[in-house]
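Next up, target17.csv (CSV, C-alpha atoms and all ligand atoms):
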```csv
chain,number,residue,atom,x,y,z
A,162,MET,CA,179.1,-64.0,-16.1
A,163,LYS,CA,180.3,-66.4,-13.5
A,164,TYR,CA,179.7,-63.9,-10.7
A,165,GLY,CA,176.2,-63.2,-12.1
A,166,SER,CA,175.4,-66.9,-12.1
A,167,ILE,CA,176.4,-67.3,-8.4
A,168,LEU,CA,174.4,-64.2,-7.5
A,169,PHE,CA,171.4,-65.7,-9.3
A,170,LEU,CA,171.7,-69.0,-7.5
A,171,LEU,CA,171.9,-67.2,-4.1
A,172,LEU,CA,168.8,-65.2,-4.9
A,173,PHE,CA,167.1,-68.4,-6.1
A,174,PHE,CA,167.8,-70.3,-2.9
A,175,ALA,CA,166.8,-67.3,-0.8
A,176,PHE,CA,163.6,-67.1,-2.7
A,177,THR,CA,162.9,-70.8,-2.5
A,178,PHE,CA,163.6,-70.8,1.2
A,179,TYR,CA,161.4,-67.9,1.8
A,180,HIS,CA,158.7,-69.5,-0.2
A,181,CYS,CA,158.9,-72.8,1.6
A,182,LYS,CA,158.7,-71.1,4.9
A,183,LYS,CA,155.7,-69.2,3.8
A,184,GLU,CA,154.0,-72.4,2.7
A,185,ASN,CA,154.8,-74.0,6.0
A,186,GLU,CA,153.1,-71.2,7.7
A,187,LEU,CA,150.0,-71.4,5.6
A,188,PRO,CA,149.6,-75.1,4.7
A,189,ILE,CA,147.2,-75.5,1.8
A,190,VAL,CA,146.4,-79.1,0.9
A,191,LYS,CA,145.5,-79.2,-2.8
A,192,ASP,CA,145.4,-82.8,-3.8
A,193,THR,CA,143.3,-83.2,-6.9
A,194,LEU,CA,143.0,-87.0,-6.1
A,195,PHE,CA,140.6,-86.1,-3.4
A,196,TYR,CA,137.0,-86.2,-4.5
A,197,THR,CA,135.2,-82.9,-4.2
A,198,VAL,CA,132.0,-82.4,-2.2
A,199,ALA,CA,130.1,-82.0,-5.5
A,200,GLU,CA,131.5,-85.3,-6.8
A,201,LYS,CA,130.7,-87.1,-3.6
A,202,SER,CA,127.1,-85.8,-3.7
A,203,ILE,CA,126.6,-87.5,-7.1
A,204,ILE,CA,128.5,-90.7,-6.3
A,205,TYR,CA,126.8,-91.3,-2.9
A,206,ALA,CA,123.3,-90.0,-4.1
A,207,SER,CA,122.1,-93.7,-4.1
A,208,ASP,CA,123.3,-97.1,-3.0
A,209,THR,CA,125.3,-99.2,-5.3
A,210,THR,CA,122.3,-101.1,-6.7
A,211,GLN,CA,121.2,-97.8,-8.4
A,212,PRO,CA,122.5,-96.8,-11.8
A,213,PHE,CA,123.7,-93.3,-12.5
A,214,VAL,CA,121.8,-91.0,-14.9
A,215,PHE,CA,123.7,-90.2,-18.1
A,216,LEU,CA,124.4,-86.6,-19.1
A,217,ASN,CA,122.8,-85.4,-22.3
A,218,ALA,CA,125.3,-83.9,-24.8
A,219,THR,CA,122.5,-81.9,-26.5
A,220,ASN,CA,122.0,-80.0,-23.2
A,221,PRO,CA,124.5,-77.1,-23.0
A,222,ALA,CA,125.2,-77.4,-19.2
A,223,ASP,CA,125.8,-81.2,-19.5
A,224,LEU,CA,128.0,-80.6,-22.6
A,225,ALA,CA,130.2,-78.3,-20.6
A,226,ILE,CA,130.9,-81.1,-18.1
A,227,LEU,CA,131.4,-83.7,-20.9
A,228,GLN,CA,134.0,-81.4,-22.5
A,229,LYS,CA,136.2,-81.0,-19.4
A,230,GLN,CA,139.5,-82.8,-19.0
A,231,SER,CA,139.2,-85.6,-16.3
A,232,ARG,CA,141.5,-86.1,-13.4
A,233,ASN,CA,143.1,-89.2,-11.9
A,234,VAL,CA,141.7,-91.0,-8.9
A,235,LYS,CA,143.2,-92.7,-5.9
A,236,VAL,CA,143.3,-96.5,-5.7
A,237,PRO,CA,142.7,-98.3,-3.5
A,238,ASN,CA,140.0,-95.9,-2.3
A,239,ASP,CA,136.5,-96.5,-1.0
A,240,THR,CA,134.9,-93.7,-3.0
A,241,THR,CA,136.5,-95.0,-6.2
A,242,THR,CA,135.2,-98.4,-5.5
A,243,TYR,CA,131.7,-97.0,-4.8
A,244,LEU,CA,131.9,-95.0,-8.1
A,245,TYR,CA,133.0,-98.2,-9.9
A,246,LEU,CA,130.1,-100.2,-8.5
A,247,ARG,CA,127.5,-97.7,-9.5
A,248,MET,CA,129.1,-97.4,-13.0
A,249,LEU,CA,129.0,-101.2,-13.3
A,250,LYS,CA,125.3,-101.2,-12.4
A,251,THR,CA,124.8,-98.4,-15.1
A,252,ILE,CA,126.6,-100.2,-17.9
A,253,LYS,CA,124.7,-103.4,-17.2
A,254,THR,CA,121.4,-101.7,-16.9
A,255,HIS,CA,121.8,-100.1,-20.3
A,256,SER,CA,123.6,-103.1,-21.9
A,257,LEU,CA,126.5,-100.8,-23.1
A,258,THR,CA,129.9,-101.8,-24.3
A,259,SER,CA,131.7,-99.0,-22.4
A,260,ILE,CA,131.1,-96.3,-19.8
A,261,ALA,CA,133.4,-93.4,-18.8
A,262,ALA,CA,132.9,-91.5,-15.5
A,263,PRO,CA,132.4,-88.1,-17.3
A,264,GLU,CA,129.3,-89.6,-19.1
A,265,ILE,CA,127.6,-89.7,-15.7
A,266,GLY,CA,128.9,-86.3,-14.6
A,267,ILE,CA,132.1,-87.2,-12.8
A,268,ASN,CA,135.3,-85.8,-14.5
A,269,ARG,CA,137.5,-88.7,-13.3
A,270,ASN,CA,139.7,-91.2,-15.2
A,271,LEU,CA,137.6,-94.3,-14.6
A,272,ILE,CA,136.2,-96.5,-17.4
A,273,ILE,CA,134.5,-99.9,-17.6
A,274,ILE,CA,134.7,-101.9,-20.8
A,275,LYS,CA,132.8,-104.9,-22.0
A,276,ARG,CA,135.6,-107.3,-23.0
A,277,LYS,CA,134.4,-108.9,-26.2
A,278,ASP,CA,137.9,-110.4,-26.6
A,279,LYS,CA,137.5,-112.5,-23.4
A,280,GLN,CA,135.5,-115.5,-22.5
A,281,GLY,CA,132.0,-114.6,-21.1
A,282,GLU,CA,132.5,-110.9,-22.2
A,283,PRO,CA,133.3,-109.7,-18.7
A,284,TYR,CA,133.1,-106.1,-17.6
A,285,GLU,CA,136.5,-104.8,-16.6
A,286,VAL,CA,137.5,-101.5,-14.9
A,287,PHE,CA,140.4,-99.4,-16.0
A,288,VAL,CA,141.6,-96.9,-13.5
A,289,ASN,CA,143.6,-93.8,-14.8
A,290,PRO,CA,144.0,-95.5,-18.2
A,291,LYS,CA,146.4,-94.2,-20.9
A,292,ILE,CA,147.0,-95.4,-24.4
A,293,THR,CA,150.8,-95.6,-24.7
A,294,GLN,CA,151.1,-97.0,-28.2
A,295,HIS,CA,148.9,-97.8,-31.1
A,296,SER,CA,148.8,-99.3,-34.6
A,297,ASN,CA,148.7,-97.2,-37.7
A,298,ALA,CA,145.9,-99.3,-39.1
A,299,THR,CA,142.4,-98.2,-38.3
A,300,THR,CA,138.9,-99.5,-38.7
A,301,THR,CA,135.7,-97.4,-39.1
A,302,TYR,CA,133.0,-98.2,-36.6
A,303,GLN,CA,129.4,-97.0,-36.4
A,304,GLU,CA,129.3,-95.7,-32.8
A,305,THR,CA,126.5,-94.4,-30.7
A,306,CYS,CA,127.0,-92.9,-27.2
A,307,ALA,CA,124.8,-93.0,-24.1
A,308,THR,CA,125.1,-89.2,-23.8
A,309,LEU,CA,123.5,-88.8,-27.3
A,310,PRO,CA,120.0,-90.1,-26.8
A,311,ASN,CA,118.2,-91.1,-30.1
A,312,GLN,CA,121.1,-89.9,-32.2
A,313,TYR,CA,122.1,-91.4,-35.5
A,314,PRO,CA,125.3,-93.5,-35.3
A,315,ALA,CA,128.5,-91.6,-36.1
A,316,SER,CA,131.3,-93.1,-38.3
A,317,ILE,CA,134.5,-93.1,-36.2
A,318,ASP,CA,138.0,-94.4,-37.1
A,319,ARG,CA,139.6,-96.4,-34.3
A,320,TYR,CA,143.1,-97.9,-34.0
A,321,ASN,CA,143.0,-101.7,-34.5
A,322,LEU,CA,145.6,-102.3,-31.7
A,323,ILE,CA,146.4,-100.3,-28.6
A,324,PHE,CA,148.6,-100.7,-25.6
A,325,VAL,CA,146.8,-99.5,-22.4
A,326,GLU,CA,148.5,-98.6,-19.2
A,327,TYR,CA,146.1,-98.6,-16.2
A,328,TYR,CA,145.6,-99.5,-12.6
A,329,THR,CA,143.3,-102.0,-11.0
A,330,LEU,CA,140.9,-101.1,-8.2
A,331,ASP,CA,143.5,-102.4,-5.6
A,332,GLY,CA,146.1,-100.1,-7.1
A,333,LYS,CA,148.1,-102.6,-9.2
A,334,LYS,CA,149.6,-101.1,-12.4
A,335,GLN,CA,148.9,-103.1,-15.6
A,336,VAL,CA,150.0,-102.8,-19.2
A,337,GLU,CA,147.9,-104.7,-21.8
A,338,MET,CA,147.7,-105.0,-25.5
A,339,ILE,CA,144.0,-104.8,-26.7
A,340,GLU,CA,142.8,-105.4,-30.2
A,341,THR,CA,139.8,-104.9,-32.6
A,342,GLU,CA,136.3,-104.2,-31.2
A,343,THR,CA,137.3,-104.1,-27.6
A,344,ALA,CA,140.1,-101.7,-28.5
A,345,ALA,CA,137.5,-99.5,-30.1
A,346,PHE,CA,135.4,-99.5,-26.9
A,347,VAL,CA,138.5,-98.5,-24.9
A,348,GLN,CA,139.2,-95.7,-27.3
A,349,HIS,CA,135.6,-94.4,-27.1
A,350,ALA,CA,135.7,-94.4,-23.3
A,351,ILE,CA,139.2,-92.8,-23.1
A,352,THR,CA,138.1,-90.0,-25.5
A,353,HIS,CA,135.5,-89.0,-22.9
A,354,LEU,CA,138.3,-88.6,-20.3
A,355,GLY,CA,140.0,-86.1,-22.5
A,356,GLY,CA,136.7,-84.1,-22.8
A,357,GLY,CA,135.8,-85.6,-26.3
A,358,ILE,CA,132.4,-86.6,-27.4
A,359,LEU,CA,131.0,-88.2,-30.5
A,360,PRO,CA,130.2,-85.7,-33.2
A,361,LEU,CA,126.5,-84.9,-33.2
A,362,THR,CA,125.3,-86.5,-36.4
A,363,GLN,CA,121.8,-85.7,-37.5
A,364,ASP,CA,119.4,-88.4,-38.7
A,365,PRO,CA,119.1,-87.5,-42.4
A,366,LEU,CA,115.5,-88.6,-42.3
A,367,ALA,CA,114.5,-86.6,-39.2
A,368,PHE,CA,111.6,-84.2,-39.9
A,369,THR,CA,112.7,-80.6,-40.5
A,370,GLY,CA,111.4,-77.8,-38.3
A,371,LEU,CA,109.2,-76.5,-41.2
A,372,GLU,CA,107.7,-80.0,-41.7
A,373,ILE,CA,107.0,-80.3,-38.0
A,374,ASP,CA,105.4,-76.9,-37.9
A,375,THR,CA,103.2,-77.7,-40.9
A,376,ILE,CA,102.2,-81.1,-39.6
A,377,MET,CA,101.7,-80.2,-35.9
A,378,ALA,CA,99.9,-76.8,-36.6
A,379,LYS,CA,96.5,-78.5,-36.0
A,380,PRO,CA,95.4,-81.6,-34.0
A,381,ASP,CA,95.5,-85.0,-35.7
A,382,ASP,CA,91.7,-85.0,-36.4
A,383,VAL,CA,91.9,-81.9,-38.5
A,384,ALA,CA,92.4,-82.4,-42.3
A,385,MET,CA,95.5,-80.9,-43.9
A,386,ARG,CA,95.0,-78.6,-46.9
A,387,ILE,CA,95.2,-80.3,-50.3
A,388,LEU,CA,97.6,-78.5,-52.6
A,389,LEU,CA,96.4,-77.6,-56.1
A,390,THR,CA,98.3,-77.3,-59.4
A,391,THR,CA,96.3,-74.1,-60.0
A,392,ASN,CA,98.3,-72.4,-57.2
A,393,TYR,CA,101.9,-71.6,-58.2
A,394,GLN,CA,103.5,-72.2,-54.8
A,395,ASP,CA,101.6,-75.5,-54.4
A,396,SER,CA,102.7,-76.7,-57.9
A,397,LEU,CA,106.3,-76.3,-56.9
A,398,ILE,CA,105.9,-78.6,-53.9
A,399,LEU,CA,103.8,-81.1,-56.0
A,400,ARG,CA,106.7,-81.3,-58.5
A,401,LYS,CA,109.4,-81.9,-55.9
A,402,GLN,CA,111.1,-85.3,-55.3
A,403,SER,CA,110.1,-86.7,-51.9
A,404,ILE,CA,112.3,-88.5,-49.5
A,405,ASP,CA,111.8,-91.4,-47.1
A,406,VAL,CA,110.5,-91.3,-43.5
A,407,ARG,CA,112.0,-93.3,-40.7
A,408,PRO,CA,109.3,-95.8,-39.6
A,409,ASP,CA,108.7,-95.4,-35.9
A,410,SER,CA,105.4,-96.2,-34.1
A,411,ASN,CA,106.4,-93.7,-31.4
A,412,ASP,CA,107.0,-90.8,-33.7
A,413,ILE,CA,104.2,-88.4,-32.9
A,414,VAL,CA,104.9,-86.2,-36.0
A,415,LEU,CA,104.8,-89.1,-38.4
A,416,LYS,CA,101.6,-90.4,-36.8
A,417,THR,CA,100.0,-87.0,-37.0
A,418,LEU,CA,100.9,-86.6,-40.7
A,419,ILE,CA,99.4,-90.0,-41.4
A,420,LYS,CA,96.1,-89.2,-39.6
A,421,ARG,CA,95.8,-85.7,-41.0
A,422,MET,CA,96.4,-87.0,-44.6
A,423,LYS,CA,93.6,-89.5,-44.1
A,424,LYS,CA,91.3,-86.7,-42.8
A,425,ALA,CA,92.0,-84.7,-46.0
A,426,LEU,CA,91.3,-87.8,-48.1
A,427,ASP,CA,88.0,-88.4,-46.2
A,428,GLN,CA,86.7,-85.0,-47.2
A,429,THR,CA,86.8,-86.1,-50.9
A,430,SER,CA,85.7,-89.1,-52.9
A,431,GLY,CA,89.3,-89.9,-53.6
A,432,VAL,CA,90.8,-93.4,-53.5
A,433,GLY,CA,94.4,-92.4,-52.6
A,434,ILE,CA,96.6,-89.5,-51.4
A,435,ALA,CA,100.3,-88.8,-51.2
A,436,ALA,CA,102.1,-86.7,-48.7
A,437,PRO,CA,103.3,-84.1,-51.2
A,438,GLN,CA,99.6,-83.3,-51.8
A,439,VAL,CA,99.4,-81.9,-48.3
A,440,GLY,CA,102.6,-80.1,-48.6
A,441,ILE,CA,105.0,-82.6,-47.1
A,442,ASN,CA,107.7,-84.0,-49.5
A,443,ARG,CA,107.9,-87.4,-47.8
A,444,ASN,CA,107.2,-91.0,-49.1
A,445,VAL,CA,103.9,-91.7,-47.4
A,446,ILE,CA,100.7,-92.7,-49.3
A,447,TRP,CA,97.2,-93.8,-48.5
A,448,VAL,CA,95.6,-96.3,-50.9
A,449,LYS,CA,92.1,-97.7,-51.0
A,450,ARG,CA,92.5,-101.4,-51.4
A,451,LEU,CA,89.8,-102.1,-54.0
A,452,ASP,CA,91.3,-105.6,-54.2
A,453,ARG,CA,90.6,-106.5,-50.6
A,454,PRO,CA,87.4,-107.5,-48.8
A,455,GLY,CA,85.7,-104.4,-47.4
A,456,GLN,CA,88.0,-102.2,-49.6
A,457,PRO,CA,89.9,-100.7,-46.6
A,458,PHE,CA,92.2,-97.6,-46.8
A,459,GLU,CA,95.8,-98.5,-45.9
A,460,VAL,CA,98.9,-96.4,-45.3
A,461,TYR,CA,102.3,-97.2,-46.9
A,462,LEU,CA,105.6,-95.7,-45.8
A,463,ASN,CA,108.5,-95.5,-48.3
A,464,PRO,CA,106.7,-97.4,-51.1
A,465,LYS,CA,108.8,-98.2,-54.2
A,466,ILE,CA,107.9,-100.0,-57.4
A,467,VAL,CA,110.6,-102.7,-57.8
A,468,MET,CA,109.0,-104.7,-60.6
A,469,THR,CA,106.6,-104.0,-63.5
A,470,SER,CA,104.7,-106.3,-65.8
A,471,GLN,CA,105.4,-106.3,-69.5
A,472,ASN,CA,101.7,-105.6,-70.2
A,473,THR,CA,100.4,-102.1,-69.9
A,474,VAL,CA,96.8,-100.8,-70.2
A,475,LEU,CA,95.3,-97.5,-71.2
A,476,PHE,CA,93.4,-96.7,-68.0
A,477,ASN,CA,90.3,-94.5,-68.6
A,478,GLY,CA,89.3,-91.9,-66.0
A,479,ASP,CA,92.5,-91.1,-64.1
A,480,GLY,CA,92.2,-88.0,-62.1
A,481,CYS,CA,93.8,-86.3,-59.1
A,482,LEU,CA,92.6,-84.3,-56.0
A,483,SER,CA,95.4,-81.8,-56.8
A,484,VAL,CA,94.5,-81.3,-60.4
A,485,PRO,CA,91.0,-79.8,-60.5
A,486,GLY,CA,88.7,-80.3,-63.4
A,487,ILE,CA,90.7,-82.7,-65.5
A,488,THR,CA,90.4,-86.5,-66.1
A,489,GLY,CA,92.2,-88.5,-68.7
A,490,ARG,CA,93.4,-91.8,-70.1
A,491,THR,CA,96.8,-92.8,-68.8
A,492,ARG,CA,99.1,-95.7,-69.6
A,493,ARG,CA,99.7,-98.0,-66.6
A,494,TYR,CA,101.3,-101.3,-65.9
A,495,SER,CA,98.9,-104.2,-65.4
A,496,ALA,CA,100.8,-105.4,-62.4
A,497,ILE,CA,103.6,-104.1,-60.2
A,498,GLY,CA,105.9,-105.4,-57.5
A,499,ILE,CA,106.1,-103.0,-54.6
A,500,GLU,CA,108.2,-102.7,-51.4
A,501,TYR,CA,107.2,-100.6,-48.4
A,502,ASP,CA,107.6,-100.2,-44.7
A,503,LEU,CA,104.9,-100.3,-42.0
A,504,LEU,CA,104.9,-97.9,-39.1
A,505,ASP,CA,106.5,-100.4,-36.8
A,506,GLY,CA,109.4,-100.8,-39.2
A,507,THR,CA,108.3,-104.1,-40.8
A,508,HIS,CA,109.5,-104.2,-44.4
A,509,LYS,CA,107.0,-105.7,-46.9
A,510,THR,CA,107.0,-106.9,-50.5
A,511,GLU,CA,103.9,-107.4,-52.5
A,512,VAL,CA,102.5,-107.8,-56.1
A,513,VAL,CA,99.6,-105.6,-56.8
A,514,GLN,CA,97.2,-106.1,-59.7
A,515,GLY,CA,94.0,-104.5,-60.9
A,516,THR,CA,93.4,-102.1,-63.7
A,517,THR,CA,89.6,-102.7,-64.2
A,518,VAL,CA,86.8,-100.3,-63.4
A,519,SER,CA,85.8,-102.2,-60.2
A,520,ASN,CA,89.4,-102.9,-59.1
A,521,PHE,CA,92.1,-100.5,-60.2
A,522,THR,CA,94.4,-100.9,-57.2
A,523,SER,CA,97.5,-101.3,-59.4
A,524,VAL,CA,96.7,-97.9,-61.0
A,525,ILE,CA,96.1,-96.2,-57.6
A,526,PHE,CA,99.6,-97.3,-56.4
A,527,GLN,CA,101.2,-96.2,-59.6
A,528,HIS,CA,99.4,-92.8,-59.4
A,529,GLU,CA,100.4,-92.2,-55.7
A,530,ILE,CA,104.0,-93.4,-56.1
A,531,ASP,CA,104.3,-91.0,-59.1
A,532,HIS,CA,103.4,-88.1,-56.7
A,533,LEU,CA,106.4,-89.0,-54.6
A,534,ASN,CA,108.6,-88.5,-57.6
A,535,GLY,CA,107.0,-85.2,-58.6
A,536,ILE,CA,105.0,-86.9,-61.4
A,537,LEU,CA,101.3,-86.1,-62.1
A,538,PHE,CA,98.8,-88.2,-64.0
A,539,ILE,CA,98.6,-85.4,-66.6
A,540,ASP,CA,102.2,-86.3,-67.6
A,541,ARG,CA,101.0,-89.8,-68.6
A,542,ILE,CA,97.8,-88.9,-70.5
A,543,GLU,CA,97.7,-90.4,-74.0
B,601,ZN,ZN,130.1,-92.3,-24.9
B,602,ZN,ZN,96.9,-87.5,-57.4
```
Can you give me the file's structure in the form of structure tokens?
Ligand SMILES: [Zn+2]
Ligand SMILES: [Zn+2]
Amino acid sequence: MKYGSILFLLLFFAFTFYHCKKENELPIVKDTLFYTVAEKSIIYASDTTQPFVFLNATNPADLAILQKQSRNVKVPNDTTTYLYLRMLKTIKTHSLTSIAAPEIGINRNLIIIKRKDKQGEPYEVFVNPKITQHSNATTTYQETCATLPNQYPASIDRYNLIFVEYYTLDGKKQVEMIETETAAFVQHAITHLGGGILPLTQDPLAFTGLEIDTIMAKPDDVAMRILLTTNYQDSLILRKQSIDVRPDSNDIVLKTLIKRMKKALDQTSGVGIAAPQVGINRNVIWVKRLDRPGQPFEVYLNPKIVMTSQNTVLFNGDGCLSVPGITGRTRRYSAIGIEYDLLDGTHKTEVVQGTTVSNFTSVIFQHEIDHLNGILFIDRIE
């Protein structure tokens, strides 16, 4: 055993010596702290007054970069300072609370944080940061990320208190305890350095592919087909519960749905239409405001009846574009309190009256909001 160990040591030294010699003959400098040509081409693409462009995590090529482990940087170093200056311009331009170098395509351990825990909320840079200790207690935050454009916020648990070890731009080592919101910003940014991203959460109110195909199949000046109870497939859609839409004046799909619903209504003598009647189970209705001067047609998003009068009336002559050949007498509230959204996101509350032959606005609203809940006027005939 002893002899074997000595022999092993001798062989080890001989090998090491040989290896060193070989490396001396062929010197290969492999310092990962040096910026690569590719990194420098991104960093120096513009002067320091120009922000970087964020990667997009929904793009597979960008996602591959975002998921890479980042490497440390040298400080003090001119390129690191230049990278910092452009990242600072970027975080300010987009009014963000944190930025990490991978978010702009540089897999390096450099982050800037908006210090909500300091006077004036200054932006501070953390070079090669590491979380060395943390509390057990966490808080759930609703976070968004600059690499997830227009995404719904994700619920993320963050430690309430962390100890961060990092370097300043002039190379001084620091250790600092950071708490609450600012600690959450640091954790978001440091997660990026490890190749982490926020989970892609879908907006639960986003239009489905099928809805988009149906709505966008024709231009916005072409009426959508009105579904009929006499068609079995149509009747299934007419009986389904609808869900809300996200009000957004820039949403081309929503705007097209609204216009094509109106075109469908215009082809009839109807006084109202609900989105399920054109095959879209969404809370959108058009109502003819018989109670207003000029009796305009108006569109309502996500309408809900929040109050009803004690009094009801038997309304004579209820009918529906989707129920051919039938009219009837339905029981309706004299007045209702409604809430709804406008396209620009404004939320409104209103009391609507009118159950007479010349003004039956309250009945129209009740009829159309029934459609959103899969209810037809024939269910209310007395
Ligand atoms: Zn982020
Ligand atoms: Zn109807």
Dump the neighbourhood of ligand ZN 602 (chain B) as a ChimeraX atom specification: all residues within 12 Å, distances computed on only C-alpha atoms and all ligand atoms. /A:387-390,399-400,426,431-439,446-448,479-485,487-488,524-540
Go ahead and dump the residues you just picked, C-alpha atoms, as a PDB file, keeping the file's coordinate frame.
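The new file selection-v6.pdb reads:
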```
ATOM      1  CA  ILE A 387      95.200 -80.300 -50.300  1.00  0.00           C
ATOM      2  CA  LEU A 388      97.600 -78.500 -52.600  1.00  0.00           C
ATOM      3  CA  LEU A 389      96.400 -77.600 -56.100  1.00  0.00           C
ATOM      4  CA  THR A 390      98.300 -77.300 -59.400  1.00  0.00           C
ATOM      5  CA  LEU A 399     103.800 -81.100 -56.000  1.00  0.00           C
ATOM      6  CA  ARG A 400     106.700 -81.300 -58.500  1.00  0.00           C
ATOM      7  CA  LEU A 426      91.300 -87.800 -48.100  1.00  0.00           C
ATOM      8  CA  GLY A 431      89.300 -89.900 -53.600  1.00  0.00           C
ATOM      9  CA  VAL A 432      90.800 -93.400 -53.500  1.00  0.00           C
ATOM     10  CA  GLY A 433      94.400 -92.400 -52.600  1.00  0.00           C
ATOM     11  CA  ILE A 434      96.600 -89.500 -51.400  1.00  0.00           C
ATOM     12  CA  ALA A 435     100.300 -88.800 -51.200  1.00  0.00           C
ATOM     13  CA  ALA A 436     102.100 -86.700 -48.700  1.00  0.00           C
ATOM     14  CA  PRO A 437     103.300 -84.100 -51.200  1.00  0.00           C
ATOM     15  CA  GLN A 438      99.600 -83.300 -51.800  1.00  0.00           C
ATOM     16  CA  VAL A 439      99.400 -81.900 -48.300  1.00  0.00           C
ATOM     17  CA  ILE A 446     100.700 -92.700 -49.300  1.00  0.00           C
ATOM     18  CA  TRP A 447      97.200 -93.800 -48.500  1.00  0.00           C
ATOM     19  CA  VAL A 448      95.600 -96.300 -50.900  1.00  0.00           C
ATOM     20  CA  ASP A 479      92.500 -91.100 -64.100  1.00  0.00           C
ATOM     21  CA  GLY A 480      92.200 -88.000 -62.100  1.00  0.00           C
ATOM     22  CA  CYS A 481      93.800 -86.300 -59.100  1.00  0.00           C
ATOM     23  CA  LEU A 482      92.600 -84.300 -56.000  1.00  0.00           C
ATOM     24  CA  SER A 483      95.400 -81.800 -56.800  1.00  0.00           C
ATOM     25  CA  VAL A 484      94.500 -81.300 -60.400  1.00  0.00           C
ATOM     26  CA  PRO A 485      91.000 -79.800 -60.500  1.00  0.00           C
ATOM     27  CA  ILE A 487      90.700 -82.700 -65.500  1.00  0.00           C
ATOM     28  CA  THR A 488      90.400 -86.500 -66.100  1.00  0.00           C
ATOM     29  CA  VAL A 524      96.700 -97.900 -61.000  1.00  0.00           C
ATOM     30  CA  ILE A 525      96.100 -96.200 -57.600  1.00  0.00           C
ATOM     31  CA  PHE A 526      99.600 -97.300 -56.400  1.00  0.00           C
ATOM     32  CA  GLN A 527     101.200 -96.200 -59.600  1.00  0.00           C
ATOM     33  CA  HIS A 528      99.400 -92.800 -59.400  1.00  0.00           C
ATOM     34  CA  GLU A 529     100.400 -92.200 -55.700  1.00  0.00           C
ATOM     35  CA  ILE A 530     104.000 -93.400 -56.100  1.00  0.00           C
ATOM     36  CA  ASP A 531     104.300 -91.000 -59.100  1.00  0.00           C
ATOM     37  CA  HIS A 532     103.400 -88.100 -56.700  1.00  0.00           C
ATOM     38  CA  LEU A 533     106.400 -89.000 -54.600  1.00  0.00           C
ATOM     39  CA  ASN A 534     108.600 -88.500 -57.600  1.00  0.00           C
ATOM     40  CA  GLY A 535     107.000 -85.200 -58.600  1.00  0.00           C
ATOM     41  CA  ILE A 536     105.000 -86.900 -61.400  1.00  0.00           C
ATOM     42  CA  LEU A 537     101.300 -86.100 -62.100  1.00  0.00           C
ATOM     43  CA  PHE A 538      98.800 -88.200 -64.000  1.00  0.00           C
ATOM     44  CA  ILE A 539      98.600 -85.400 -66.600  1.00  0.00           C
ATOM     45  CA  ASP A 540     102.200 -86.300 -67.600  1.00  0.00           C
TER      46      ASP A 540
END
```
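For the set A:Ala350, A:Ile376, A:Leu371, A:Ile466, the residue with the smallest atom-to-atom gap to A:Ile499 is A:Ile466, counting all atoms listed in the file.
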With 5 Å added on each side, what axis-aligned box encloses every listed atom of stretch 458-462 of chain A? Give the centre and edge lengths in Å to one decimal, as JSON.
```
{"center_x": 98.9, "center_y": -97.1, "center_z": -46.1, "size_x": 23.4, "size_y": 12.8, "size_z": 11.6}
```
What lies within 7 Å of stretch 266-277 of chain A using all atoms listed in the file, ignoring chain neighbours under 6 positions off, as an mmCIF file with C-alpha atoms, keeping the file's coordinate frame?
```
data_model
loop_
_atom_site.group_PDB
_atom_site.id
_atom_site.type_symbol
_atom_site.label_atom_id
_atom_site.label_comp_id
_atom_site.auth_asym_id
_atom_site.auth_seq_id
_atom_site.Cartn_x
_atom_site.Cartn_y
_atom_site.Cartn_z
ATOM 1 C CA GLU A 200 131.500 -85.300 -6.800
ATOM 2 C CA LEU A 216 124.400 -86.600 -19.100
ATOM 3 C CA ILE A 226 130.900 -81.100 -18.100
ATOM 4 C CA LYS A 229 136.200 -81.000 -19.400
ATOM 5 C CA GLN A 230 139.500 -82.800 -19.000
ATOM 6 C CA SER A 231 139.200 -85.600 -16.300
ATOM 7 C CA ARG A 232 141.500 -86.100 -13.400
ATOM 8 C CA ASN A 233 143.100 -89.200 -11.900
ATOM 9 C CA VAL A 234 141.700 -91.000 -8.900
ATOM 10 C CA THR A 258 129.900 -101.800 -24.300
ATOM 11 C CA SER A 259 131.700 -99.000 -22.400
ATOM 12 C CA ILE A 260 131.100 -96.300 -19.800
ATOM 13 C CA PRO A 283 133.300 -109.700 -18.700
ATOM 14 C CA TYR A 284 133.100 -106.100 -17.600
ATOM 15 C CA GLU A 285 136.500 -104.800 -16.600
ATOM 16 C CA VAL A 286 137.500 -101.500 -14.900
ATOM 17 C CA PHE A 287 140.400 -99.400 -16.000
ATOM 18 C CA VAL A 288 141.600 -96.900 -13.500
ATOM 19 C CA ASN A 289 143.600 -93.800 -14.800
ATOM 20 C CA PRO A 290 144.000 -95.500 -18.200
ATOM 21 C CA THR A 343 137.300 -104.100 -27.600
ATOM 22 C CA PHE A 346 135.400 -99.500 -26.900
ATOM 23 C CA VAL A 347 138.500 -98.500 -24.900
ATOM 24 C CA ALA A 350 135.700 -94.400 -23.300
ATOM 25 C CA LEU A 354 138.300 -88.600 -20.300
#
```
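Reported to one decimal place, the separation of atom CA of A:Arg450 from atom CA of A:Val512 is 12.8 Å.
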Shortest interatomic distance to A:Thr473 - which of A:Gln456, A:Ser523, A:Ser396, A:Glu326, counting only C-alpha atoms: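 Comparing A:Gln456, A:Ser523, A:Ser396, A:Glu326 against A:Thr473, the winner is A:Ser523.
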Find, counting only C-alpha atoms, the residue in A:Val414, A:Met468, A:Leu194, A:Met377 that gets nearest to A:Val236. A:Leu194
One number please: atom CA of A:Arg492 to atom CA of A:Val445, in Å, one decimal. 23.1 Å
